[in-house]
>>> print(open('input24.pdb').read())   # PDB, N, CA and C atoms
ATOM      1  N   MET A   1     -10.051  -3.399   9.011
ATOM      2  CA  MET A   1     -10.667  -4.120   7.930
ATOM      3  C   MET A   1      -9.573  -4.537   6.952
ATOM      4  N   PHE A   2      -9.732  -5.716   6.390
ATOM      5  CA  PHE A   2      -8.782  -6.195   5.389
ATOM      6  C   PHE A   2      -9.126  -5.607   4.022
ATOM      7  N   VAL A   3      -8.103  -5.240   3.260
ATOM      8  CA  VAL A   3      -8.281  -4.697   1.912
ATOM      9  C   VAL A   3      -7.222  -5.314   1.000
ATOM     10  N   TYR A   4      -7.552  -5.390  -0.261
ATOM     11  CA  TYR A   4      -6.578  -5.862  -1.245
ATOM     12  C   TYR A   4      -5.604  -4.737  -1.563
ATOM     13  N   LYS A   5      -4.349  -5.093  -1.769
ATOM     14  CA  LYS A   5      -3.320  -4.120  -2.089
ATOM     15  C   LYS A   5      -3.300  -3.775  -3.578
ATOM     16  N   PHE A   6      -3.980  -4.589  -4.385
ATOM     17  CA  PHE A   6      -4.050  -4.376  -5.834
ATOM     18  C   PHE A   6      -5.277  -5.103  -6.356
ATOM     19  N   ASP A   7      -5.583  -4.900  -7.621
ATOM     20  CA  ASP A   7      -6.713  -5.575  -8.265
ATOM     21  C   ASP A   7      -6.313  -7.027  -8.521
ATOM     22  N   VAL A   8      -6.808  -7.923  -7.696
ATOM     23  CA  VAL A   8      -6.406  -9.329  -7.746
ATOM     24  C   VAL A   8      -6.799  -9.981  -9.066
ATOM     25  N   LEU A   9      -8.010  -9.729  -9.535
ATOM     26  CA  LEU A   9      -8.430 -10.328 -10.815
ATOM     27  C   LEU A   9      -7.543  -9.865 -11.963
ATOM     28  N   GLN A  10      -7.157  -8.594 -11.961
ATOM     29  CA  GLN A  10      -6.300  -8.085 -13.026
ATOM     30  C   GLN A  10      -4.917  -8.728 -12.942
ATOM     31  N   LYS A  11      -4.395  -8.874 -11.736
ATOM     32  CA  LYS A  11      -3.085  -9.511 -11.558
ATOM     33  C   LYS A  11      -3.122 -10.967 -12.008
ATOM     34  N   LEU A  12      -4.214 -11.671 -11.685
ATOM     35  CA  LEU A  12      -4.369 -13.047 -12.154
ATOM     36  C   LEU A  12      -4.421 -13.082 -13.673
ATOM     37  N   LYS A  13      -5.174 -12.151 -14.268
ATOM     38  CA  LYS A  13      -5.283 -12.088 -15.729
ATOM     39  C   LYS A  13      -3.921 -11.806 -16.357
ATOM     40  N   ASP A  14      -3.157 -10.901 -15.751
ATOM     41  CA  ASP A  14      -1.817 -10.580 -16.254
ATOM     42  C   ASP A  14      -0.900 -11.805 -16.226
ATOM     43  N   ASN A  15      -1.196 -12.735 -15.321
ATOM     44  CA  ASN A  15      -0.403 -13.956 -15.199
ATOM     45  C   ASN A  15      -1.012 -15.125 -15.971
ATOM     46  N   GLY A  16      -2.006 -14.829 -16.815
ATOM     47  CA  GLY A  16      -2.578 -15.856 -17.681
ATOM     48  C   GLY A  16      -3.788 -16.584 -17.114
ATOM     49  N   TYR A  17      -4.296 -16.129 -15.982
ATOM     50  CA  TYR A  17      -5.446 -16.784 -15.358
ATOM     51  C   TYR A  17      -6.702 -15.943 -15.539
ATOM     52  N   THR A  18      -7.365 -16.117 -16.668
ATOM     53  CA  THR A  18      -8.625 -15.418 -16.903
ATOM     54  C   THR A  18      -9.713 -16.070 -16.051
ATOM     55  N   THR A  19     -10.824 -15.370 -15.890
ATOM     56  CA  THR A  19     -11.915 -15.943 -15.105
ATOM     57  C   THR A  19     -12.432 -17.220 -15.763
ATOM     58  N   SER A  20     -12.474 -17.249 -17.081
ATOM     59  CA  SER A  20     -12.914 -18.465 -17.786
ATOM     60  C   SER A  20     -11.986 -19.634 -17.499
ATOM     61  N   ARG A  21     -10.703 -19.384 -17.559
ATOM     62  CA  ARG A  21      -9.729 -20.448 -17.290
ATOM     63  C   ARG A  21      -9.862 -20.930 -15.848
ATOM     64  N   MET A  22     -10.015 -19.999 -14.907
ATOM     65  CA  MET A  22     -10.123 -20.397 -13.498
ATOM     66  C   MET A  22     -11.371 -21.233 -13.249
ATOM     67  N   ARG A  23     -12.460 -20.874 -13.937
ATOM     68  CA  ARG A  23     -13.690 -21.668 -13.809
ATOM     69  C   ARG A  23     -13.510 -23.045 -14.440
ATOM     70  N   ASN A  24     -13.027 -23.067 -15.674
ATOM     71  CA  ASN A  24     -12.889 -24.326 -16.420
ATOM     72  C   ASN A  24     -11.933 -25.302 -15.747
ATOM     73  N   GLU A  25     -10.837 -24.780 -15.217
ATOM     74  CA  GLU A  25      -9.843 -25.639 -14.571
ATOM     75  C   GLU A  25     -10.109 -25.805 -13.077
ATOM     76  N   LYS A  26     -11.229 -25.214 -12.627
ATOM     77  CA  LYS A  26     -11.640 -25.293 -11.219
ATOM     78  C   LYS A  26     -10.537 -24.817 -10.270
ATOM     79  N   LEU A  27      -9.876 -23.734 -10.669
ATOM     80  CA  LEU A  27      -8.830 -23.147  -9.836
ATOM     81  C   LEU A  27      -9.433 -22.303  -8.723
ATOM     82  N   LEU A  28     -10.508 -21.587  -9.055
ATOM     83  CA  LEU A  28     -11.260 -20.790  -8.079
ATOM     84  C   LEU A  28     -12.737 -20.996  -8.349
ATOM     85  N   GLY A  29     -13.516 -21.019  -7.291
ATOM     86  CA  GLY A  29     -14.955 -21.177  -7.429
ATOM     87  C   GLY A  29     -15.637 -19.884  -7.843
ATOM     88  N   GLU A  30     -16.864 -20.014  -8.280
ATOM     89  CA  GLU A  30     -17.639 -18.847  -8.728
ATOM     90  C   GLU A  30     -17.817 -17.834  -7.596
ATOM     91  N   ASN A  31     -18.042 -18.306  -6.370
ATOM     92  CA  ASN A  31     -18.205 -17.384  -5.245
ATOM     93  C   ASN A  31     -16.961 -16.544  -5.025
ATOM     94  N   ALA A  32     -15.800 -17.161  -5.114
ATOM     95  CA  ALA A  32     -14.549 -16.428  -4.928
ATOM     96  C   ALA A  32     -14.348 -15.407  -6.043
ATOM     97  N   ILE A  33     -14.640 -15.787  -7.266
ATOM     98  CA  ILE A  33     -14.496 -14.865  -8.401
ATOM     99  C   ILE A  33     -15.433 -13.671  -8.234
ATOM    100  N   GLN A  34     -16.672 -13.938  -7.831
ATOM    101  CA  GLN A  34     -17.628 -12.839  -7.626
ATOM    102  C   GLN A  34     -17.193 -11.936  -6.472
ATOM    103  N   SER A  35     -16.651 -12.516  -5.415
ATOM    104  CA  SER A  35     -16.152 -11.709  -4.297
ATOM    105  C   SER A  35     -15.016 -10.808  -4.750
ATOM    106  N   LEU A  36     -14.122 -11.340  -5.565
ATOM    107  CA  LEU A  36     -13.017 -10.523  -6.077
ATOM    108  C   LEU A  36     -13.536  -9.389  -6.947
ATOM    109  N   ARG A  37     -14.555  -9.657  -7.744
ATOM    110  CA  ARG A  37     -15.152  -8.611  -8.588
ATOM    111  C   ARG A  37     -15.717  -7.471  -7.745
ATOM    112  N   LYS A  38     -16.285  -7.828  -6.588
ATOM    113  CA  LYS A  38     -16.890  -6.843  -5.696
ATOM    114  C   LYS A  38     -15.883  -6.253  -4.713
ATOM    115  N   ASN A  39     -14.622  -6.660  -4.856
ATOM    116  CA  ASN A  39     -13.552  -6.210  -3.974
ATOM    117  C   ASN A  39     -13.794  -6.643  -2.521
ATOM    118  N   GLU A  40     -14.466  -7.786  -2.351
ATOM    119  CA  GLU A  40     -14.703  -8.368  -1.030
ATOM    120  C   GLU A  40     -13.629  -9.413  -0.765
ATOM    121  N   ILE A  41     -13.246  -9.537   0.493
ATOM    122  CA  ILE A  41     -12.208 -10.494   0.859
ATOM    123  C   ILE A  41     -12.748 -11.925   0.706
ATOM    124  N   VAL A  42     -11.949 -12.768   0.073
ATOM    125  CA  VAL A  42     -12.322 -14.164  -0.141
ATOM    126  C   VAL A  42     -11.977 -14.988   1.092
ATOM    127  N   GLY A  43     -12.444 -16.217   1.136
ATOM    128  CA  GLY A  43     -12.141 -17.122   2.235
ATOM    129  C   GLY A  43     -10.691 -17.583   2.202
ATOM    130  N   ILE A  44     -10.282 -18.220   3.268
ATOM    131  CA  ILE A  44      -8.889 -18.637   3.427
ATOM    132  C   ILE A  44      -8.469 -19.674   2.382
ATOM    133  N   ILE A  45      -9.362 -20.555   1.988
ATOM    134  CA  ILE A  45      -9.015 -21.573   0.981
ATOM    135  C   ILE A  45      -8.779 -20.914  -0.375
ATOM    136  N   ALA A  46      -9.664 -19.979  -0.745
ATOM    137  CA  ALA A  46      -9.482 -19.260  -2.011
ATOM    138  C   ALA A  46      -8.215 -18.403  -1.960
ATOM    139  N   LEU A  47      -7.953 -17.779  -0.817
ATOM    140  CA  LEU A  47      -6.743 -16.970  -0.679
ATOM    141  C   LEU A  47      -5.493 -17.829  -0.834
ATOM    142  N   GLU A  48      -5.537 -19.025  -0.282
ATOM    143  CA  GLU A  48      -4.413 -19.950  -0.423
ATOM    144  C   GLU A  48      -4.180 -20.298  -1.902
ATOM    145  N   LYS A  49      -5.263 -20.536  -2.639
ATOM    146  CA  LYS A  49      -5.141 -20.844  -4.069
ATOM    147  C   LYS A  49      -4.580 -19.654  -4.835
ATOM    148  N   ILE A  50      -5.065 -18.448  -4.501
ATOM    149  CA  ILE A  50      -4.568 -17.235  -5.164
ATOM    150  C   ILE A  50      -3.083 -17.060  -4.887
ATOM    151  N   CYS A  51      -2.666 -17.292  -3.650
ATOM    152  CA  CYS A  51      -1.245 -17.194  -3.304
ATOM    153  C   CYS A  51      -0.418 -18.154  -4.155
ATOM    154  N   GLY A  52      -0.923 -19.360  -4.342
ATOM    155  CA  GLY A  52      -0.221 -20.337  -5.160
ATOM    156  C   GLY A  52      -0.138 -19.932  -6.619
ATOM    157  N   LEU A  53      -1.231 -19.410  -7.148
ATOM    158  CA  LEU A  53      -1.256 -19.000  -8.556
ATOM    159  C   LEU A  53      -0.330 -17.815  -8.819
ATOM    160  N   LEU A  54      -0.267 -16.903  -7.867
ATOM    161  CA  LEU A  54       0.540 -15.692  -8.051
ATOM    162  C   LEU A  54       1.931 -15.809  -7.431
ATOM    163  N   ASP A  55       2.203 -16.925  -6.754
ATOM    164  CA  ASP A  55       3.470 -17.126  -6.057
ATOM    165  C   ASP A  55       3.749 -15.957  -5.102
ATOM    166  N   MET A  56       2.760 -15.686  -4.246
ATOM    167  CA  MET A  56       2.857 -14.592  -3.283
ATOM    168  C   MET A  56       2.434 -15.090  -1.906
ATOM    169  N   GLN A  57       2.767 -14.319  -0.894
ATOM    170  CA  GLN A  57       2.320 -14.552   0.465
ATOM    171  C   GLN A  57       1.023 -13.783   0.697
ATOM    172  N   PRO A  58       0.181 -14.211   1.660
ATOM    173  CA  PRO A  58      -1.068 -13.484   1.920
ATOM    174  C   PRO A  58      -0.850 -11.993   2.190
ATOM    175  N   GLY A  59       0.212 -11.659   2.898
ATOM    176  CA  GLY A  59       0.514 -10.261   3.201
ATOM    177  C   GLY A  59       0.887  -9.438   1.981
ATOM    178  N   ASP A  60       1.264 -10.100   0.893
ATOM    179  CA  ASP A  60       1.543  -9.399  -0.359
ATOM    180  C   ASP A  60       0.253  -8.996  -1.051
ATOM    181  N   ILE A  61      -0.833  -9.693  -0.726
ATOM    182  CA  ILE A  61      -2.111  -9.520  -1.417
ATOM    183  C   ILE A  61      -3.091  -8.672  -0.606
ATOM    184  N   ILE A  62      -3.134  -8.910   0.698
ATOM    185  CA  ILE A  62      -4.079  -8.163   1.534
ATOM    186  C   ILE A  62      -3.348  -7.378   2.622
ATOM    187  N   GLY A  63      -3.962  -6.296   3.027
ATOM    188  CA  GLY A  63      -3.427  -5.487   4.108
ATOM    189  C   GLY A  63      -4.555  -5.139   5.067
ATOM    190  N   TYR A  64      -4.186  -4.524   6.179
ATOM    191  CA  TYR A  64      -5.170  -4.145   7.189
ATOM    192  C   TYR A  64      -5.247  -2.629   7.278
ATOM    193  N   GLU A  65      -6.443  -2.103   7.261
ATOM    194  CA  GLU A  65      -6.688  -0.674   7.453
ATOM    195  C   GLU A  65      -7.724  -0.497   8.544
ATOM    196  N   LYS A  66      -7.523   0.488   9.391
ATOM    197  CA  LYS A  66      -8.485   0.769  10.468
ATOM    198  C   LYS A  66      -9.709   1.446   9.926
TER     199      LYS A  66
END
>>> encode(input="input24.pdb", output="structure tokens")
Amino acid sequence: MFVYKFDVLQKLKDNGYTTSRMRNEKLLGENAIQSLRKNEIVGIIALEKICGLLDMQPGDIIGYEK
């Protein structure tokens, strides 16, 4: 199963991307934000956007656990 290596919303917030800003600037959709709140893995398009915002690779953000 895929898991986040850290609290993605908190990391985004630390980098200046609050949920309000992401909604207003249409950086991430509401579904992706809600999935992150529930610690559920987001879709590939949202993950790509998160990688761009945080300047990270997908493997820096998610890992695999059996």
>>> closest_residue(input="input24.pdb", among="A:Met56, A:Leu36, A:Ala46, A:Ile62", to="A:Val3", atoms="only C-alpha atoms")
A:Ile62
>>> atom_distance(input="input24.pdb", atom1="atom C of A:Lys26", atom2="atom CA of A:Met1")
27.6 Å
>>> atom_distance(input="input24.pdb", atom1="atom N of A:Glu40", atom2="atom N of A:Tyr17")
18.9 Å
>>> select_by_dssp(input="input24.pdb", residues="chain A", states="helix (DSSP H, G or I)", output="PDB file with N, CA and C atoms, in the coordinates of the input")
ATOM      1  N   VAL A   8      -6.808  -7.923  -7.696  1.00  0.00           N
ATOM      2  CA  VAL A   8      -6.406  -9.329  -7.746  1.00  0.00           C
ATOM      3  C   VAL A   8      -6.799  -9.981  -9.066  1.00  0.00           C
ATOM      4  N   LEU A   9      -8.010  -9.729  -9.535  1.00  0.00           N
ATOM      5  CA  LEU A   9      -8.430 -10.328 -10.815  1.00  0.00           C
ATOM      6  C   LEU A   9      -7.543  -9.865 -11.963  1.00  0.00           C
ATOM      7  N   GLN A  10      -7.157  -8.594 -11.961  1.00  0.00           N
ATOM      8  CA  GLN A  10      -6.300  -8.085 -13.026  1.00  0.00           C
ATOM      9  C   GLN A  10      -4.917  -8.728 -12.942  1.00  0.00           C
ATOM     10  N   LYS A  11      -4.395  -8.874 -11.736  1.00  0.00           N
ATOM     11  CA  LYS A  11      -3.085  -9.511 -11.558  1.00  0.00           C
ATOM     12  C   LYS A  11      -3.122 -10.967 -12.008  1.00  0.00           C
ATOM     13  N   LEU A  12      -4.214 -11.671 -11.685  1.00  0.00           N
ATOM     14  CA  LEU A  12      -4.369 -13.047 -12.154  1.00  0.00           C
ATOM     15  C   LEU A  12      -4.421 -13.082 -13.673  1.00  0.00           C
ATOM     16  N   LYS A  13      -5.174 -12.151 -14.268  1.00  0.00           N
ATOM     17  CA  LYS A  13      -5.283 -12.088 -15.729  1.00  0.00           C
ATOM     18  C   LYS A  13      -3.921 -11.806 -16.357  1.00  0.00           C
ATOM     19  N   ASP A  14      -3.157 -10.901 -15.751  1.00  0.00           N
ATOM     20  CA  ASP A  14      -1.817 -10.580 -16.254  1.00  0.00           C
ATOM     21  C   ASP A  14      -0.900 -11.805 -16.226  1.00  0.00           C
ATOM     22  N   THR A  19     -10.824 -15.370 -15.890  1.00  0.00           N
ATOM     23  CA  THR A  19     -11.915 -15.943 -15.105  1.00  0.00           C
ATOM     24  C   THR A  19     -12.432 -17.220 -15.763  1.00  0.00           C
ATOM     25  N   SER A  20     -12.474 -17.249 -17.081  1.00  0.00           N
ATOM     26  CA  SER A  20     -12.914 -18.465 -17.786  1.00  0.00           C
ATOM     27  C   SER A  20     -11.986 -19.634 -17.499  1.00  0.00           C
ATOM     28  N   ARG A  21     -10.703 -19.384 -17.559  1.00  0.00           N
ATOM     29  CA  ARG A  21      -9.729 -20.448 -17.290  1.00  0.00           C
ATOM     30  C   ARG A  21      -9.862 -20.930 -15.848  1.00  0.00           C
ATOM     31  N   MET A  22     -10.015 -19.999 -14.907  1.00  0.00           N
ATOM     32  CA  MET A  22     -10.123 -20.397 -13.498  1.00  0.00           C
ATOM     33  C   MET A  22     -11.371 -21.233 -13.249  1.00  0.00           C
ATOM     34  N   ARG A  23     -12.460 -20.874 -13.937  1.00  0.00           N
ATOM     35  CA  ARG A  23     -13.690 -21.668 -13.809  1.00  0.00           C
ATOM     36  C   ARG A  23     -13.510 -23.045 -14.440  1.00  0.00           C
ATOM     37  N   ASN A  24     -13.027 -23.067 -15.674  1.00  0.00           N
ATOM     38  CA  ASN A  24     -12.889 -24.326 -16.420  1.00  0.00           C
ATOM     39  C   ASN A  24     -11.933 -25.302 -15.747  1.00  0.00           C
ATOM     40  N   GLU A  30     -16.864 -20.014  -8.280  1.00  0.00           N
ATOM     41  CA  GLU A  30     -17.639 -18.847  -8.728  1.00  0.00           C
ATOM     42  C   GLU A  30     -17.817 -17.834  -7.596  1.00  0.00           C
ATOM     43  N   ASN A  31     -18.042 -18.306  -6.370  1.00  0.00           N
ATOM     44  CA  ASN A  31     -18.205 -17.384  -5.245  1.00  0.00           C
ATOM     45  C   ASN A  31     -16.961 -16.544  -5.025  1.00  0.00           C
ATOM     46  N   ALA A  32     -15.800 -17.161  -5.114  1.00  0.00           N
ATOM     47  CA  ALA A  32     -14.549 -16.428  -4.928  1.00  0.00           C
ATOM     48  C   ALA A  32     -14.348 -15.407  -6.043  1.00  0.00           C
ATOM     49  N   ILE A  33     -14.640 -15.787  -7.266  1.00  0.00           N
ATOM     50  CA  ILE A  33     -14.496 -14.865  -8.401  1.00  0.00           C
ATOM     51  C   ILE A  33     -15.433 -13.671  -8.234  1.00  0.00           C
ATOM     52  N   GLN A  34     -16.672 -13.938  -7.831  1.00  0.00           N
ATOM     53  CA  GLN A  34     -17.628 -12.839  -7.626  1.00  0.00           C
ATOM     54  C   GLN A  34     -17.193 -11.936  -6.472  1.00  0.00           C
ATOM     55  N   SER A  35     -16.651 -12.516  -5.415  1.00  0.00           N
ATOM     56  CA  SER A  35     -16.152 -11.709  -4.297  1.00  0.00           C
ATOM     57  C   SER A  35     -15.016 -10.808  -4.750  1.00  0.00           C
ATOM     58  N   LEU A  36     -14.122 -11.340  -5.565  1.00  0.00           N
ATOM     59  CA  LEU A  36     -13.017 -10.523  -6.077  1.00  0.00           C
ATOM     60  C   LEU A  36     -13.536  -9.389  -6.947  1.00  0.00           C
ATOM     61  N   ARG A  37     -14.555  -9.657  -7.744  1.00  0.00           N
ATOM     62  CA  ARG A  37     -15.152  -8.611  -8.588  1.00  0.00           C
ATOM     63  C   ARG A  37     -15.717  -7.471  -7.745  1.00  0.00           C
ATOM     64  N   ILE A  44     -10.282 -18.220   3.268  1.00  0.00           N
ATOM     65  CA  ILE A  44      -8.889 -18.637   3.427  1.00  0.00           C
ATOM     66  C   ILE A  44      -8.469 -19.674   2.382  1.00  0.00           C
ATOM     67  N   ILE A  45      -9.362 -20.555   1.988  1.00  0.00           N
ATOM     68  CA  ILE A  45      -9.015 -21.573   0.981  1.00  0.00           C
ATOM     69  C   ILE A  45      -8.779 -20.914  -0.375  1.00  0.00           C
ATOM     70  N   ALA A  46      -9.664 -19.979  -0.745  1.00  0.00           N
ATOM     71  CA  ALA A  46      -9.482 -19.260  -2.011  1.00  0.00           C
ATOM     72  C   ALA A  46      -8.215 -18.403  -1.960  1.00  0.00           C
ATOM     73  N   LEU A  47      -7.953 -17.779  -0.817  1.00  0.00           N
ATOM     74  CA  LEU A  47      -6.743 -16.970  -0.679  1.00  0.00           C
ATOM     75  C   LEU A  47      -5.493 -17.829  -0.834  1.00  0.00           C
ATOM     76  N   GLU A  48      -5.537 -19.025  -0.282  1.00  0.00           N
ATOM     77  CA  GLU A  48      -4.413 -19.950  -0.423  1.00  0.00           C
ATOM     78  C   GLU A  48      -4.180 -20.298  -1.902  1.00  0.00           C
ATOM     79  N   LYS A  49      -5.263 -20.536  -2.639  1.00  0.00           N
ATOM     80  CA  LYS A  49      -5.141 -20.844  -4.069  1.00  0.00           C
ATOM     81  C   LYS A  49      -4.580 -19.654  -4.835  1.00  0.00           C
ATOM     82  N   ILE A  50      -5.065 -18.448  -4.501  1.00  0.00           N
ATOM     83  CA  ILE A  50      -4.568 -17.235  -5.164  1.00  0.00           C
ATOM     84  C   ILE A  50      -3.083 -17.060  -4.887  1.00  0.00           C
ATOM     85  N   CYS A  51      -2.666 -17.292  -3.650  1.00  0.00           N
ATOM     86  CA  CYS A  51      -1.245 -17.194  -3.304  1.00  0.00           C
ATOM     87  C   CYS A  51      -0.418 -18.154  -4.155  1.00  0.00           C
ATOM     88  N   GLY A  52      -0.923 -19.360  -4.342  1.00  0.00           N
ATOM     89  CA  GLY A  52      -0.221 -20.337  -5.160  1.00  0.00           C
ATOM     90  C   GLY A  52      -0.138 -19.932  -6.619  1.00  0.00           C
ATOM     91  N   LEU A  53      -1.231 -19.410  -7.148  1.00  0.00           N
ATOM     92  CA  LEU A  53      -1.256 -19.000  -8.556  1.00  0.00           C
ATOM     93  C   LEU A  53      -0.330 -17.815  -8.819  1.00  0.00           C
ATOM     94  N   LEU A  54      -0.267 -16.903  -7.867  1.00  0.00           N
ATOM     95  CA  LEU A  54       0.540 -15.692  -8.051  1.00  0.00           C
ATOM     96  C   LEU A  54       1.931 -15.809  -7.431  1.00  0.00           C
ATOM     97  N   PRO A  58       0.181 -14.211   1.660  1.00  0.00           N
ATOM     98  CA  PRO A  58      -1.068 -13.484   1.920  1.00  0.00           C
ATOM     99  C   PRO A  58      -0.850 -11.993   2.190  1.00  0.00           C
ATOM    100  N   GLY A  59       0.212 -11.659   2.898  1.00  0.00           N
ATOM    101  CA  GLY A  59       0.514 -10.261   3.201  1.00  0.00           C
ATOM    102  C   GLY A  59       0.887  -9.438   1.981  1.00  0.00           C
ATOM    103  N   ASP A  60       1.264 -10.100   0.893  1.00  0.00           N
ATOM    104  CA  ASP A  60       1.543  -9.399  -0.359  1.00  0.00           C
ATOM    105  C   ASP A  60       0.253  -8.996  -1.051  1.00  0.00           C
ATOM    106  N   ILE A  61      -0.833  -9.693  -0.726  1.00  0.00           N
ATOM    107  CA  ILE A  61      -2.111  -9.520  -1.417  1.00  0.00           C
ATOM    108  C   ILE A  61      -3.091  -8.672  -0.606  1.00  0.00           C
TER     109      ILE A  61
END
>>> atom_distance(input="input24.pdb", atom1="atom CA of A:Phe2", atom2="atom CA of A:Glu65")
6.3 Å
>>> closest_residue(input="input24.pdb", among="A:Ile41, A:Thr18, A:Ser35, A:Lys11", to="A:Asp55", atoms="only C-alpha atoms")
A:Lys11
>>> closest_residue(input="input24.pdb", among="A:Leu53, A:Leu28, A:Leu47, A:Ile61", to="A:Asp14", atoms="only C-alpha atoms")
A:Leu53
>>> select_by_dssp(input="input24.pdb", residues="chain A", states="strand (DSSP E)", output="list in words")
Phe2, Val3, Tyr4, Ile62, Gly63 and Tyr64 of chain A
>>> closest_residue(input="input24.pdb", among="A:Tyr4, A:Ala32, A:Thr19, A:Gln10", to="A:Lys49", atoms="only C-alpha atoms")
A:Ala32
>>> residues_around(input="input24.pdb", residues="A:Arg23", least_positions_apart="6", cutoff="12 Å", atoms="only C-alpha atoms", output="list of chain:residue names")
A:Tyr17, A:Gly29, A:Glu30, A:Asn31, A:Ala32, A:Ile33, A:Gln34
